[in-house]
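Coordinates from final02.cif are shown below (mmCIF, C-alpha atoms).
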data_query
loop_
_atom_site.group_PDB
_atom_site.id
_atom_site.type_symbol
_atom_site.label_atom_id
_atom_site.label_comp_id
_atom_site.auth_asym_id
_atom_site.auth_seq_id
_atom_site.Cartn_x
_atom_site.Cartn_y
_atom_site.Cartn_z
ATOM 1 C CA MET Y 255 83.604 136.738 142.551
ATOM 2 C CA PHE Y 256 85.675 137.450 139.450
ATOM 3 C CA GLY Y 257 85.196 140.944 138.070
ATOM 4 C CA GLU Y 258 87.368 142.978 135.790
ATOM 5 C CA LYS Y 259 90.071 143.305 138.368
ATOM 6 C CA LEU Y 260 91.433 140.175 140.032
ATOM 7 C CA THR Y 261 93.243 140.162 143.288
ATOM 8 C CA MET Y 262 96.445 138.173 143.685
ATOM 9 C CA GLY Y 263 94.524 135.470 145.564
ATOM 10 C CA GLU Y 264 91.814 135.171 142.893
ATOM 11 C CA ALA Y 265 94.414 135.071 140.116
ATOM 12 C CA SER Y 266 96.261 132.288 141.959
ATOM 13 C CA ILE Y 267 93.020 130.282 142.249
ATOM 14 C CA VAL Y 268 92.335 130.669 138.506
ATOM 15 C CA ALA Y 269 95.890 129.673 137.614
ATOM 16 C CA LEU Y 270 95.851 126.650 139.933
ATOM 17 C CA PHE Y 271 92.465 125.522 138.611
ATOM 18 C CA SER Y 272 93.611 125.936 134.985
ATOM 19 C CA ILE Y 273 96.832 124.023 135.535
ATOM 20 C CA THR Y 274 94.933 121.235 137.304
ATOM 21 C CA VAL Y 275 92.455 120.938 134.428
ATOM 22 C CA VAL Y 276 95.256 120.808 131.845
ATOM 23 C CA PHE Y 277 97.151 118.064 133.660
ATOM 24 C CA LEU Y 278 93.991 116.022 134.289
ATOM 25 C CA VAL Y 279 93.161 116.155 130.575
ATOM 26 C CA LEU Y 280 96.741 115.124 129.699
ATOM 27 C CA LEU Y 281 96.473 112.222 132.163
ATOM 28 C CA LEU Y 282 93.162 111.184 130.597
ATOM 29 C CA ILE Y 283 94.686 111.270 127.099
ATOM 30 C CA SER Y 284 97.653 109.208 128.299
ATOM 31 C CA CYS Y 285 95.336 106.585 129.809
ATOM 32 C CA MET Y 286 93.299 106.439 126.602
ATOM 33 C CA ILE Y 287 96.450 105.885 124.524
ATOM 34 C CA ARG Y 288 97.576 103.068 126.815
ATOM 35 C CA LEU Y 289 94.128 101.473 126.671
ATOM 36 C CA ILE Y 290 94.102 101.600 122.875
ATOM 37 C CA ALA Y 291 97.628 100.104 122.762
ATOM 38 C CA VAL Y 292 96.535 97.226 125.018
ATOM 39 C CA ILE Y 293 93.476 96.571 122.869
ATOM 40 C CA ILE Y 294 95.506 96.611 119.644
ATOM 41 C CA ASN Y 295 98.189 94.309 121.102
ATOM 42 C CA LYS Y 296 95.563 91.806 122.236
ATOM 43 C CA ALA Y 297 93.941 91.869 118.814
ATOM 44 C CA GLN Y 298 97.232 91.263 116.997
ATOM 45 C CA LYS Y 299 98.632 88.479 119.180
ATOM 46 C CA PRO Y 300 96.931 85.113 118.827
ATOM 47 C CA LYS Y 301 96.172 83.437 122.098
ATOM 48 C CA GLU Y 302 98.747 80.822 122.965
ATOM 49 C CA THR Y 303 97.542 77.561 124.385
ATOM 50 C CA PRO Y 304 99.733 76.202 127.159
ATOM 51 C CA ALA Y 305 101.598 73.069 126.183
ATOM 52 C CA PRO Y 306 100.566 69.969 128.111
ATOM 53 C CA LYS Y 307 103.041 68.961 130.758
ATOM 54 C CA SER Y 308 104.887 65.817 129.858
ATOM 55 C CA ALA Y 309 107.959 63.926 130.920
ATOM 56 C CA PRO Y 310 111.239 65.823 130.571
ATOM 57 C CA VAL Y 311 112.732 65.497 127.130
ATOM 58 C CA GLU Y 312 116.301 64.296 126.885
ATOM 59 C CA LYS Y 313 118.676 66.722 125.294
ATOM 60 C CA SER Y 314 120.086 65.506 122.018
ATOM 61 C CA ALA Y 315 122.803 66.800 119.757
ATOM 62 C CA PRO Y 316 121.858 70.049 118.054
ATOM 63 C CA ALA Y 317 120.315 69.564 114.662
ATOM 64 C CA ALA Y 318 122.219 70.719 111.634
ATOM 65 C CA PRO Y 319 121.046 74.160 110.508
ATOM 66 C CA ALA Y 320 118.737 74.127 107.540
ATOM 67 C CA LYS Y 321 120.536 74.693 104.288
ATOM 68 C CA GLU Y 322 119.729 78.179 103.091
ATOM 69 C CA GLU Y 323 118.822 78.436 99.489
ATOM 70 C CA LYS Y 324 120.866 81.070 97.743
ATOM 71 C CA ALA Y 325 118.924 83.205 95.370
ATOM 72 C CA ASP Y 326 120.119 83.239 91.795
ATOM 73 C CA ASP Y 327 121.793 86.640 91.609
ATOM 74 C CA SER Y 328 123.544 86.027 88.304
ATOM 75 C CA HIS Y 329 121.385 88.589 86.517
ATOM 76 C CA LEU Y 330 122.119 91.182 89.187
ATOM 77 C CA VAL Y 331 125.857 90.470 89.004
ATOM 78 C CA ALA Y 332 125.756 90.772 85.209
ATOM 79 C CA VAL Y 333 123.977 94.130 85.375
ATOM 80 C CA ILE Y 334 126.374 95.502 87.990
ATOM 81 C CA THR Y 335 129.381 94.245 86.031
ATOM 82 C CA ALA Y 336 128.065 95.896 82.860
ATOM 83 C CA ALA Y 337 127.493 99.163 84.732
ATOM 84 C CA VAL Y 338 131.019 99.116 86.186
ATOM 85 C CA ALA Y 339 132.485 98.293 82.773
ATOM 86 C CA ALA Y 340 130.563 101.160 81.148
ATOM 87 C CA CYS Y 341 131.647 103.557 83.893
ATOM 88 C CA LEU Y 342 135.317 102.541 83.604
ATOM 89 C CA GLY Y 343 135.250 102.362 79.800
ATOM 90 C CA LYS Y 344 136.568 98.770 79.778
ATOM 91 C CA GLU Y 345 135.330 95.505 78.375
ATOM 92 C CA PRO Y 346 133.250 93.417 80.831
ATOM 93 C CA GLY Y 347 135.619 90.454 80.458
ATOM 94 C CA SER Y 348 138.714 92.487 81.358
ATOM 95 C CA PHE Y 349 138.025 92.403 85.109
ATOM 96 C CA VAL Y 350 136.324 90.178 87.673
ATOM 97 C CA VAL Y 351 133.720 91.250 90.204
ATOM 98 C CA LYS Y 352 134.686 89.317 93.349
ATOM 99 C CA SER Y 353 131.988 90.497 95.719
ATOM 100 C CA ILE Y 354 128.980 92.743 95.780
ATOM 101 C CA THR Y 355 128.059 94.166 99.156
ATOM 102 C CA PRO Y 356 125.002 96.398 99.500
ATOM 103 C CA LEU Y 357 125.580 99.663 101.306
ATOM 104 C CA ASN Y 358 123.544 100.555 104.349
ATOM 105 C CA THR Y 359 120.700 102.688 103.182
ATOM 106 C CA GLU Y 360 120.007 105.734 105.243
ATOM 107 C CA SER Y 361 117.061 108.057 105.332
ATOM 108 C CA ASP Y 362 116.982 111.341 103.488
ATOM 109 C CA TRP Y 363 117.021 113.164 106.831
ATOM 110 C CA SER Y 364 120.264 111.457 107.861
ATOM 111 C CA ARG Y 365 121.913 112.175 104.547
ATOM 112 C CA LEU Y 366 120.770 115.806 104.626
ATOM 113 C CA SER Y 367 122.093 116.359 108.132
ATOM 114 C CA ARG Y 368 125.430 114.742 107.252
ATOM 115 C CA THR Y 369 125.880 116.793 104.095
ATOM 116 C CA SER Y 370 124.691 120.050 105.671
ATOM 117 C CA ALA Y 371 127.340 119.626 108.370
ATOM 118 C CA LEU Y 372 130.004 119.739 105.642
ATOM 119 C CA HIS Y 373 128.970 123.195 104.418
#
Could the structure of this file be written out as structure tokens, please?
Amino acid sequence: MFGEKLTMGEASIVALFSITVVFLVLLLISCMIRLIAVIINKAQKPKETPAPKSAPVEKSAPAAPAKEEKADDSHLVAVITAAVAACLGKEPGSFVVKSITPLNTESDWSRLSRTSALH
């Protein structure tokens, strides 16, 4: 049927068949990915047992939030204060660090795109 020279009809059949095969394989790959995702999600989530039905519980006043323990950041504050003092050329006791707020860290890609836009 298919020799060296293809007619327009034969070429259309080959193209249609090829496109169909490509999309069927893509659909198969998509289904396999979804199946693997379902299997992984079931493996990661522990099965929840339904709570036994009981009498309605009366609403009470909201409990006080748990007191958060603050980490001892005195060493970090001392290091930052010493670095600022060294950078400014002043004595560490000549100024007071009132607050230390961490900056949002961004990826290298974000930083590169931001700085390349300036040039």
* Could you state the separation of CA of Thr359 (chain Y) and CA of Cys341 (chain Y) in Å, given to one decimal place? ->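 It comes out at 22.2 Å.
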* **Within 10 Å of region 344-358 of chain Y using all atoms listed in the file, minus same-chain residues under 2 positions, as a list in words** => Leu330, Val331, Ala332, Ile334, Thr335, Ala336, Ala337, Val338, Ala339, Ala340, Cys341, Leu342, Glu360 and Ser361 of chain Y
* Computed interatomic separation between CA of Leu260 (chain Y) and CA of Thr274 (chain Y) (Å) ->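 Computing it gives 19.5 Å between the two atoms.
The space between CA of Ile294 (chain Y) and CA of Leu281 (chain Y) spans 20.0 Å.
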Just so I have it separately, write region 274-297 of chain Y from the block I sent, keeping N, CA and C atoms, as a CSV table (one decimal), in the first residue's frame.
chain,number,residue,atom,x,y,z
Y,274,THR,N,-2.8,9.9,16.4
Y,274,THR,CA,-3.6,9.1,17.3
Y,274,THR,C,-2.7,8.3,18.3
Y,275,VAL,N,-1.7,7.7,17.7
Y,275,VAL,CA,-0.8,6.9,18.6
Y,275,VAL,C,-0.1,7.8,19.6
Y,276,VAL,N,0.4,9.0,19.2
Y,276,VAL,CA,1.0,9.9,20.1
Y,276,VAL,C,0.1,10.3,21.3
Y,277,PHE,N,-1.1,10.7,20.9
Y,277,PHE,CA,-2.0,11.1,22.0
Y,277,PHE,C,-2.5,10.0,22.9
Y,278,LEU,N,-2.6,8.8,22.3
Y,278,LEU,CA,-3.0,7.6,23.2
Y,278,LEU,C,-1.8,7.3,24.2
Y,279,VAL,N,-0.6,7.4,23.7
Y,279,VAL,CA,0.5,7.2,24.6
Y,279,VAL,C,0.6,8.3,25.7
Y,280,LEU,N,0.3,9.6,25.3
Y,280,LEU,CA,0.3,10.7,26.3
Y,280,LEU,C,-0.8,10.4,27.3
Y,281,LEU,N,-1.9,10.0,26.9
Y,281,LEU,CA,-3.0,9.7,27.8
Y,281,LEU,C,-2.7,8.5,28.7
Y,282,LEU,N,-2.0,7.5,28.2
Y,282,LEU,CA,-1.6,6.4,29.0
Y,282,LEU,C,-0.6,6.9,30.1
Y,283,ILE,N,0.4,7.7,29.7
Y,283,ILE,CA,1.4,8.3,30.7
Y,283,ILE,C,0.7,9.1,31.7
Y,284,SER,N,-0.3,9.9,31.3
Y,284,SER,CA,-1.0,10.7,32.3
Y,284,SER,C,-1.8,9.9,33.3
Y,285,CYS,N,-2.4,8.8,32.8
Y,285,CYS,CA,-3.1,7.9,33.7
Y,285,CYS,C,-2.2,7.2,34.7
Y,286,MET,N,-1.0,6.8,34.2
Y,286,MET,CA,0.0,6.2,35.0
Y,286,MET,C,0.5,7.1,36.1
Y,287,ILE,N,0.7,8.4,35.8
Y,287,ILE,CA,1.1,9.4,36.8
Y,287,ILE,C,0.1,9.6,37.8
Y,288,ARG,N,-1.2,9.7,37.4
Y,288,ARG,CA,-2.3,9.8,38.4
Y,288,ARG,C,-2.4,8.6,39.3
Y,289,LEU,N,-2.2,7.4,38.7
Y,289,LEU,CA,-2.3,6.2,39.5
Y,289,LEU,C,-1.2,6.1,40.6
Y,290,ILE,N,0.0,6.5,40.2
Y,290,ILE,CA,1.2,6.5,41.1
Y,290,ILE,C,0.9,7.6,42.2
Y,291,ALA,N,0.4,8.7,41.8
Y,291,ALA,CA,0.1,9.8,42.8
Y,291,ALA,C,-0.9,9.3,43.8
Y,292,VAL,N,-2.0,8.6,43.4
Y,292,VAL,CA,-3.0,8.0,44.3
Y,292,VAL,C,-2.3,7.0,45.2
Y,293,ILE,N,-1.5,6.1,44.7
Y,293,ILE,CA,-0.8,5.1,45.5
Y,293,ILE,C,0.1,5.8,46.5
Y,294,ILE,N,0.8,6.8,46.2
Y,294,ILE,CA,1.7,7.4,47.1
Y,294,ILE,C,0.9,8.1,48.2
Y,295,ASN,N,-0.1,8.8,47.8
Y,295,ASN,CA,-1.0,9.5,48.8
Y,295,ASN,C,-1.6,8.6,49.8
Y,296,LYS,N,-2.0,7.4,49.3
Y,296,LYS,CA,-2.6,6.4,50.3
Y,296,LYS,C,-1.5,5.9,51.2
Y,297,ALA,N,-0.3,5.7,50.7
Y,297,ALA,CA,0.7,5.2,51.5
Y,297,ALA,C,1.2,6.2,52.6
